[in-house]
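Take a look at the structure set out below.
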Amino acid sequence: MNAPSRLIAAIDTADAVQAARLIAALRPHVGLIKLGLEVFCAHGPACLDWAGGAPVFLDLKLHDIPNTVAGAMRALLGRPPAMVTLHAAGGAAMITAARTAAEAAGSARPRLLAVTVLTSLAPADLAATGVMATPGEQVLRLARLALDAGADGLVCSASEIGAIRAAFGAEPILVVPGIRPIGSAQDDQARTATPAAAMAAGADYLVVGRPITQAADPAAAAAAIGAEMAVAV
């Protein structure tokens, strides 16, 4: 894969017109379109058609009892996304149920990516939820659980890529959010990295939202990030 095909543009807006404009401008410069909770809650599965044939990274972070998550997965198979996220913290049975349901799509099966520790969470945030482990320790614990249960890969910050690769090798798909080009605002992300640093560390895909979508020229911003990624590939 070339570098731009490994860039995922996050379209985090409930405004259908704005989303359509962004997707049209960005498709030549990215590999996948990320649609998340905001747009999905506003428009439902119909939003999957907005990508105009581009692969969709559906970031719903499913987290419920196994039967409910399996039902949600089956409901997505009418328009199967390329990838869909679920929380590793939902447990092994939930992930296995999701994988079993997804298998009904055959070769069009969505790849399941388990979210380990949100990139907005710092150690103090984890401690406040009762998790005394460091983010890195918790990521590895949840990564092992998820991969053993049937997840195809993980969503993690760039800070944990090296440890995950050391523990699990090259096979898991690693999708890395919290990407901030040099000079960009950190916003609400606690664990960030530049595109080049994340690719050099071993990421398969990078998710970039506001540095692209809030730029004066989103297409140019995406192209610049793709060029920075290419240097590290």
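The way I read the labels, and the way they are meant: chains A, B, ... in the order of the structure tokens, residue 1 as the first residue of every chain, and ligand 1 as the first ligand shown, with later ones counted on from there.
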Review point. Please, which residues of range 11-216 of chain A, numbered as in this document, come out helix (DSSP H, G or I) from DSSP, as a PyMOL selection string?
Key: chain A and resi 16-29+37-51+66-76+88-90+92-108+123-128+135-149+158-168+195-201+210-213
Check your understanding: Contacts of Gly78 in chain A at 12 Å or less, counting only C-alpha atoms, minus same-chain residues fewer than 2 places along, as JSON, numbers by chain?
Key -> {"A": [45, 46, 48, 49, 72, 73, 74, 75, 76, 80, 81, 102, 104, 105, 108, 109, 110]}
Could the residues in this selection be written to a file with N, CA and C atoms, as an mmCIF file, in the first residue's frame?
data_model
loop_
_atom_site.group_PDB
_atom_site.id
_atom_site.type_symbol
_atom_site.label_atom_id
_atom_site.label_comp_id
_atom_site.auth_asym_id
_atom_site.auth_seq_id
_atom_site.Cartn_x
_atom_site.Cartn_y
_atom_site.Cartn_z
ATOM 1 N N PRO A 45 -27.510 4.124 9.107
ATOM 2 C CA PRO A 45 -26.673 3.404 8.141
ATOM 3 C C PRO A 45 -26.643 4.037 6.750
ATOM 4 N N ALA A 46 -27.629 4.875 6.422
ATOM 5 C CA ALA A 46 -27.620 5.514 5.096
ATOM 6 C C ALA A 46 -26.363 6.336 4.867
ATOM 7 N N LEU A 48 -23.458 5.468 5.197
ATOM 8 C CA LEU A 48 -22.406 4.661 4.589
ATOM 9 C C LEU A 48 -22.358 4.860 3.073
ATOM 10 N N ASP A 49 -23.471 5.292 2.495
ATOM 11 C CA ASP A 49 -23.496 5.526 1.053
ATOM 12 C C ASP A 49 -22.796 6.822 0.663
ATOM 13 N N ALA A 72 -26.154 -5.912 16.256
ATOM 14 C CA ALA A 72 -25.726 -4.681 15.595
ATOM 15 C C ALA A 72 -24.834 -4.986 14.403
ATOM 16 N N MET A 73 -23.951 -5.954 14.557
ATOM 17 C CA MET A 73 -23.070 -6.322 13.455
ATOM 18 C C MET A 73 -23.873 -6.864 12.280
ATOM 19 N N ARG A 74 -24.837 -7.715 12.566
ATOM 20 C CA ARG A 74 -25.664 -8.249 11.473
ATOM 21 C C ARG A 74 -26.415 -7.129 10.759
ATOM 22 N N ALA A 75 -26.852 -6.124 11.514
ATOM 23 C CA ALA A 75 -27.590 -5.020 10.907
ATOM 24 C C ALA A 75 -26.720 -4.201 9.970
ATOM 25 N N LEU A 76 -25.412 -4.236 10.161
ATOM 26 C CA LEU A 76 -24.492 -3.468 9.310
ATOM 27 C C LEU A 76 -24.146 -4.179 8.013
ATOM 28 N N PRO A 80 -21.853 -3.416 4.250
ATOM 29 C CA PRO A 80 -20.714 -3.699 5.123
ATOM 30 C C PRO A 80 -19.575 -2.692 4.965
ATOM 31 N N PRO A 81 -19.160 -2.066 6.066
ATOM 32 C CA PRO A 81 -17.989 -1.203 6.008
ATOM 33 C C PRO A 81 -16.730 -2.040 5.894
ATOM 34 N N ALA A 102 -20.137 -11.213 11.913
ATOM 35 C CA ALA A 102 -19.527 -10.595 10.737
ATOM 36 C C ALA A 102 -19.185 -11.617 9.668
ATOM 37 N N ALA A 104 -20.841 -13.766 8.406
ATOM 38 C CA ALA A 104 -21.942 -13.986 7.458
ATOM 39 C C ALA A 104 -21.760 -13.189 6.174
ATOM 40 N N ALA A 105 -20.911 -12.177 6.211
ATOM 41 C CA ALA A 105 -20.671 -11.360 5.016
ATOM 42 C C ALA A 105 -19.654 -11.992 4.081
ATOM 43 N N ALA A 108 -16.703 -10.114 2.079
ATOM 44 C CA ALA A 108 -16.941 -8.696 2.360
ATOM 45 C C ALA A 108 -16.969 -8.414 3.857
ATOM 46 N N ARG A 109 -16.552 -9.381 4.667
ATOM 47 C CA ARG A 109 -16.605 -9.219 6.121
ATOM 48 C C ARG A 109 -15.857 -7.977 6.583
ATOM 49 N N PRO A 110 -16.510 -7.153 7.409
ATOM 50 C CA PRO A 110 -15.784 -6.024 7.990
ATOM 51 C C PRO A 110 -14.655 -6.521 8.889
#
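One distance worth recording is that between CA of Ile11 in chain A and CA of Leu35 in chain A, which is 5.7 Å.
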Exercise for review: Kindly indicate which residue among A:Val117, A:Leu145, A:Leu112, A:Ile8 lies nearest to Ala93 in chain A, using only C-alpha atoms for the distances.
Suggested key: A:Leu145
I want to know what sits within 12 Å of range 126-132 of chain A, based on only C-alpha atoms, with residues of the same chain fewer than 5 positions away left out; could you give that as a PDB file with C-alpha atoms, in the first residue's frame?
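selection12.pdb written:
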ATOM      1  CA  ALA A  89     -13.298  -3.676  27.366  1.00  0.00           C
ATOM      2  CA  THR A 116      -7.961  -0.407  23.754  1.00  0.00           C
ATOM      3  CA  VAL A 117      -7.465   2.860  25.644  1.00  0.00           C
ATOM      4  CA  LEU A 118      -8.909   6.053  24.157  1.00  0.00           C
ATOM      5  CA  THR A 119      -6.251   8.543  23.096  1.00  0.00           C
ATOM      6  CA  SER A 120      -8.046  11.207  25.156  1.00  0.00           C
ATOM      7  CA  LEU A 121      -7.239   9.322  28.384  1.00  0.00           C
ATOM      8  CA  GLU A 137      -0.097  -1.801  30.448  1.00  0.00           C
ATOM      9  CA  GLN A 138      -3.841  -1.580  29.934  1.00  0.00           C
ATOM     10  CA  VAL A 139      -3.441  -1.456  26.163  1.00  0.00           C
ATOM     11  CA  ARG A 141      -3.886  -6.430  28.460  1.00  0.00           C
ATOM     12  CA  ALA A 190      -3.678  13.253  25.487  1.00  0.00           C
TER      13      ALA A 190
END
Practice item. For Asp12 in chain A, work out the shell of residues within 7 Å, counting only C-alpha atoms and skipping chain neighbours fewer than 4 positions away, then give it as JSON, numbers by chain. Key: {"A": [35, 36, 38, 39]}
Would you export the selected residues with N, CA and C atoms as a PDB file, in the first residue's frame, please?
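See selection_5.pdb below for the written result:
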ATOM      1  N   LEU A  35     -16.439   7.352   9.394  1.00  0.00           N
ATOM      2  CA  LEU A  35     -17.719   7.873   9.843  1.00  0.00           C
ATOM      3  C   LEU A  35     -17.922   7.393  11.275  1.00  0.00           C
ATOM      4  N   GLY A  36     -18.239   8.324  12.171  1.00  0.00           N
ATOM      5  CA  GLY A  36     -18.324   7.977  13.576  1.00  0.00           C
ATOM      6  C   GLY A  36     -19.700   8.176  14.159  1.00  0.00           C
ATOM      7  N   GLU A  38     -21.187  10.635  15.674  1.00  0.00           N
ATOM      8  CA  GLU A  38     -21.945  11.864  15.428  1.00  0.00           C
ATOM      9  C   GLU A  38     -22.777  11.754  14.162  1.00  0.00           C
ATOM     10  N   VAL A  39     -22.133  11.367  13.079  1.00  0.00           N
ATOM     11  CA  VAL A  39     -22.859  11.279  11.809  1.00  0.00           C
ATOM     12  C   VAL A  39     -23.802  10.078  11.802  1.00  0.00           C
TER      13      VAL A  39
END
Exercise for review: Could you tell me how far CA of Ala193 in chain A lies from CA of Cys156 in chain A, in Å and to one decimal?
Suggested key: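 If I compute the distance from CA of Ala193 in chain A to CA of Cys156 in chain A, I get 11.6 Å.
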Could you give me, as JSON lines, every range 124-192 of chain A residue with an atom at most 6 Å from range 204-228 of chain A, plus its closest atom pair and distance in Å to one decimal, counting only C-alpha atoms, rows ordered by chain then number?
{"residue": "A:Leu174", "atom": "CA", "partner": "A:Asp204", "partner_atom": "CA", "distance": 5.2}
{"residue": "A:Val175", "atom": "CA", "partner": "A:Tyr205", "partner_atom": "CA", "distance": 4.7}
{"residue": "A:Val176", "atom": "CA", "partner": "A:Leu206", "partner_atom": "CA", "distance": 4.9}
{"residue": "A:Pro177", "atom": "CA", "partner": "A:Val207", "partner_atom": "CA", "distance": 4.6}
{"residue": "A:Ile179", "atom": "CA", "partner": "A:Val208", "partner_atom": "CA", "distance": 5.8}
Exercise for review: Excluding Glu171 in chain A and any residue of its chain fewer than 6 positions from it, enumerate the residues within 9 Å of it, using only C-alpha atoms, and give them as a PyMOL selection string.
Suggested key: chain A and resi 152-153+165
